[in-house]
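Chemist: The structure that follows is given in the form of structure tokens.
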Amino acid sequence: MPKILELQQHLADLIAAGEVVQRPSSVVKELVENSIDAGAGVITIEISSGGMTYIRVTDDGCGIGADDAKTAFLRHATSKLRDADGLAAIGTLGFRGEALAAIAAVSRVEMLTREHGADEGVSLTLEGGVVTDLSPGGSPEGTTIIVRDLFFNTPARHKFMKSDRAESGSVASVVLSLALSRPDISFRFIKDGKTQYHTPGDSRIDSCVYNLLGREFEAGFLDAESSDEVISVEGFVGTPSAARGNRSYQFFFVNGRAIRSILLQSALEQAYKNSILTGRFPSCVLYLTIKPSDVDVNVHPAKTEVKFVSEKQVFDSVYYAALGALEKAQGVVQSASLFDNSDDNSFKVMHVEDFRKVHVAEPSNVYKSQAVPGLRTAGELSANAPAQKHTLKPVGSAGHDVTDSSEDARYIFSADSLTDFHVSPFRVIGEALNVYIIVEYEGSVWFIDKHAAHERIHFDALKSGDYEPMSESLIIPVVCRLGHESTAILLDNSSFIEELGFTVESFGEDSVAVRHIPSDIDISDTEAVLSDLCLQLSSSSPEANQLDSIYKAIACKAAIKAGRASGMRELEALAARVMSGELSHCPHGRPVAFEMTKSTLDKGFGRI
């Protein structure tokens with residue numbers, strides 16, 4: 001066994017720093033939280049080159065005394081925790097005493113600080129965690145910390161950093177969350193010399209949301225609140241029509257701390273269960289106030305995850321706050337409708353989806369037996385017939401008649417491509433529940449999940465080396481507000497995105513304008529698809545092990561939607577692919593069809 005040795009202090013510090021400082025946004029988060037804990041009323045954050053070369057955080061907080069300035073950069077040095085009992089009821093954002101030591105270990109740091117009422121301040125300079133200068137210095141009351149050349153002494157960490165745009169996006173997201181957490185503090189965020197955010201610090205949640213998220217979000221929010229003897233919830237939730245393609249605009253704060261919580265996400269989304277489509281997510285800015293002893297914040301190095309003593313009570317509080325806001329808004333709409341005296345024949349504005357439901361005739365439940373054009377029986381085929389490649393074509397582009405009434409039938413395999421499938425004759429009986437294709441084949445009845453089958457077709461097409469998506473130009477670009485990080489990721493991978501049929505341009509710091517989309521993607525799914533792509537691309541550049549997940553996300557959105565009626569031609573085309581044996585499972589591993597034999601049916605009806 002190798003001899004056990006104690007790590008050198010410098011190496012131990014670098015390892016410890018890696019747990020706290022992953023990227024520039026980690027530094028900003030720790031420094032701003034210290035400013036908040038110091039009682040600051042005004043905080044300014046400035047970065048350059050994504051924060052890799054320059055970060056400056058200035059506050060008007062209590063400042064640090066000359067005797068404590070050097071001690072503040074020692075590991076586990078803190079003014080916020082005195083004994084073990086304090087861990088049971090933590091009321092500050094920071095408490096471990098790791099942040100400044102970790103930051104200093106992997107950068108060059110300058111600190112200028114002066115306590116309130118002190119005659120002079122102190123200037124401190126460190127490099128790689130080592131103090132190089134400590135002297136008196138002129139300074140306004142409060143603290144300014146400058147961090148330069150992050151990871152200059154750990155090149156292995158430096159090479160894992162993303163582009164300046166991606167790192168800036170991450171910092172912007174952190175500052176946004178911190179600023180929302182404290183409407184009573186004025187935040188200013190400056191990136192490369194340009195102000196991105198500036199909140200008034202007037203303690204009003206609505207003005208804070210307006211300044212940070214914009215007029216559109218503030219106008220689309222509903223007041224939400226609930227309270228009991230243990231927990232209170234207040235803030236805003238978004239209207240169902242404002243649901244988004246990801247969770248980037250769900251903000252939860254517990255006792256002023258921004259957190260991520262599956263429990264709170266689930267509570268919010270459960271309230272919207274019958275109000276928004278699957279794959280869409282509500283927005284919110286919710287503030288939870290709970291006794292410090294009833295929440296444990298010491299479960300994650302970054303302190304972004306917490307545990308609650310009473311999870312059910314917390315879940316219920318968020319759920320009923322959101323549900324109450326939705327029901328109140330719905331009640332207002334219903335009350336307004338009492339004054340509508342128009343009759344059914346009068347002119348009215350109707351949403352396109354409602355129009356389709358009313359005016360597009362659904363196919364009948366039972367169809368006459370029809371032969372699929374070009375299908376050949378097994379006896380007509382050679383045993384070693386070569387595999388054929390197929391391309392998705394818009395209905396009508398192959399020169400044949402189109403009989404489908406469903407918009408989701410725009411992209412099926414053209415009739416001439418069906419001649420390549422070598423299956424025995426089958427009969428499509430119809431469609432059940434607008435989800436399952438019913439097929440009679442060789443003495444059995446087959447049920448085919450049309451969404452799963454179509455999803456597999458798209459997935460296989462995307463994976464084929466010669467697949468070139470048909471791109472549709474949008475007369476009016478679709479603006480997708482994805483958040484700072486996702487926007488940066490998307491723009492950094494714009495060439496890859498173009499290979500998938502999208503063309504995107506920057507539209508502000510947190511949005512993109514989409515000018516082209518793949519023809520088989522519904523325009524309403526644009527934001528959801530791009531959100532899924534960002535999620536897959538967030539870890540690194542697109543590589544082979546990521547492509548499958550990316551293709552799955554696109555294929556799922558491009559496939560026929562379950563619950564919408566399909567025409568006979570589309571049902572037959574999909575059935576041909578499945579009954580040929582080419583498709584057995586969807587990209588996620590679910591079966592696309594199952595068989596019910598005649599004997600099974602006879603047994604069920606007591607015939608045998």
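Identifiers in this document derive from the order of the structure tokens: chains are assigned A, B, ..., residues are numbered from 1 separately in each chain, and ligands are numbered from 1 in order of occurrence.
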Run DSSP on the backbone and tell me which residues of segment 441-561 of chain A come out as strand (DSSP E); list them as number ranges by chain.

Modeler: A: 441, 444-449, 471-481, 503-506, 511-518

Chemist: What are the DSSP alpha helix (DSSP H) residues of segment 511-556 of chain A, as a list in words?

Modeler: Thr526, Glu527, Ala528, Val529, Leu530, Ser531, Asp532, Leu533, Cys534, Leu535, Gln536, Leu537, Ala544, Asn545, Gln546, Leu547, Asp548, Ser549, Ile550, Tyr551, Lys552, Ala553, Ile554, Ala555 and Cys556 of chain A

Chemist: Choose the residue, out of A:Glu440, A:Asp68, A:Asp192, A:Glu167, that has the smallest atom-to-atom separation from Ser538 of chain A; count only C-alpha atoms.

Modeler: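 Among the listed residues, A:Glu167 lies closest to Ser538 of chain A.
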
Chemist: Which residues come within 10 Å of Glu442 of chain A, counting only C-alpha atoms, excluding same-chain residues fewer than 4 positions away, as a PyMOL selection string?

Modeler: chain A and resi 424-427+446+597-598

Chemist: What lies within 9 Å of Gly279 of chain A using only C-alpha atoms, ignoring chain neighbours under 6 positions off, as a VMD selection string?

Modeler: chain A and resid 244 to 246 528

Chemist: Keeping C-alpha atoms for every residue in the selection just given, could you write it to a file as a tab-separated table (two decimals), in the first residue's frame?

Modeler:
```tsv
chain	number	residue	atom	x	y	z
A	244	ARG	CA	-42.50	28.75	-21.36
A	245	GLY	CA	-40.45	25.96	-22.88
A	246	ASN	CA	-38.17	25.60	-19.85
A	528	ALA	CA	-39.64	24.36	-26.44
```

Chemist: Counting only C-alpha atoms, which residue out of A:Ile457, A:Ile259, A:Ala102, A:Leu326 sits closest to Asn274 of chain A?

Modeler: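 Looking at the shortest contact to Asn274 of chain A, the residue is A:Leu326.
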
Chemist: Report as a ChimeraX atom specification all protein, DNA and RNA residues lying within 10 Å of Gln270 of chain A, evaluated on only C-alpha atoms, omitting residues in the same chain fewer than 6 positions from it.

Modeler: /A:264,315,318-320,322-323

Chemist: With a distance cut-off of 10 Å and only C-alpha atoms, select the neighbouring residues of segment 224-227 of chain A, excluding the residue or stretch itself and same-chain residues fewer than 5 positions from it, and output the selection as JSON, numbers by chain.

Modeler: {"A": [232, 233, 234, 235, 236, 237, 238, 284, 285, 286, 287, 288, 289, 316, 317, 318, 319, 320, 321, 322, 323, 324, 325, 326, 328]}

Chemist: Kindly export the residues of the current selection with C-alpha atoms, as a tab-separated table (two decimals), in the first residue's frame.

Modeler:
```tsv
chain	number	residue	atom	x	y	z
A	232	SER	CA	-45.86	32.34	4.27
A	233	VAL	CA	-45.65	32.65	0.48
A	234	GLU	CA	-45.95	35.82	-1.57
A	235	GLY	CA	-44.97	36.96	-5.02
A	236	PHE	CA	-46.17	36.36	-8.56
A	237	VAL	CA	-47.01	33.47	-10.86
A	238	GLY	CA	-47.38	33.65	-14.63
A	284	CYS	CA	-42.94	32.55	-11.05
A	285	VAL	CA	-41.18	34.80	-8.57
A	286	LEU	CA	-42.10	33.42	-5.15
A	287	TYR	CA	-40.76	34.37	-1.73
A	288	LEU	CA	-41.10	31.87	1.11
A	289	THR	CA	-40.64	32.96	4.71
A	316	ASP	CA	-49.14	22.80	0.00
A	317	SER	CA	-48.30	26.46	0.64
A	318	VAL	CA	-46.77	26.95	-2.81
A	319	TYR	CA	-49.46	24.86	-4.50
A	320	TYR	CA	-52.37	26.77	-2.99
A	321	ALA	CA	-50.70	30.15	-3.53
A	322	ALA	CA	-50.38	29.41	-7.26
A	323	LEU	CA	-53.78	27.73	-7.54
A	324	GLY	CA	-55.47	30.60	-5.73
A	325	ALA	CA	-53.94	33.11	-8.16
A	326	LEU	CA	-55.13	31.09	-11.16
A	328	LYS	CA	-58.94	34.31	-8.94
```

Chemist: Using only C-alpha atoms, find each residue in segment 513-544 of chain A having at least one atom no more than 7 Å away from segment 554-567 of chain A; report its shortest atom-to-atom pair and that distance in Å (one decimal), rows by chain then rising number, as JSON lines.

Modeler:
```
{"residue": "A:Asp520", "atom": "CA", "partner": "A:Ala558", "partner_atom": "CA", "distance": 5.4}
{"residue": "A:Ile521", "atom": "CA", "partner": "A:Ala558", "partner_atom": "CA", "distance": 4.8}
{"residue": "A:Asp525", "atom": "CA", "partner": "A:Lys557", "partner_atom": "CA", "distance": 6.8}
{"residue": "A:Val529", "atom": "CA", "partner": "A:Ile554", "partner_atom": "CA", "distance": 6.2}
```

Chemist: Could you write those residues out with N, CA and C atoms, as a PDB file, in the first residue's frame?

Modeler:
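That gives us result-v6.pdb:
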```pdb
ATOM      1  N   ASP A 520     -40.586  20.444 -40.295  1.00  0.00           N
ATOM      2  CA  ASP A 520     -41.420  19.503 -39.565  1.00  0.00           C
ATOM      3  C   ASP A 520     -41.619  19.891 -38.106  1.00  0.00           C
ATOM      4  N   ILE A 521     -41.205  21.084 -37.729  1.00  0.00           N
ATOM      5  CA  ILE A 521     -41.445  21.600 -36.382  1.00  0.00           C
ATOM      6  C   ILE A 521     -42.550  22.641 -36.446  1.00  0.00           C
ATOM      7  N   ASP A 525     -43.885  25.259 -31.298  1.00  0.00           N
ATOM      8  CA  ASP A 525     -42.949  24.445 -30.528  1.00  0.00           C
ATOM      9  C   ASP A 525     -41.522  24.977 -30.586  1.00  0.00           C
ATOM     10  N   VAL A 529     -38.388  23.475 -28.356  1.00  0.00           N
ATOM     11  CA  VAL A 529     -37.306  22.703 -28.980  1.00  0.00           C
ATOM     12  C   VAL A 529     -35.965  23.343 -28.676  1.00  0.00           C
TER      13      VAL A 529
END
```

Chemist: Kindly indicate which residue among A:Leu491, A:Ala593, A:Leu180, A:Met568 lies nearest to Phe253 of chain A, using only C-alpha atoms for the distances.

Modeler: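 So, comparing all the options, the nearest one is A:Leu180.
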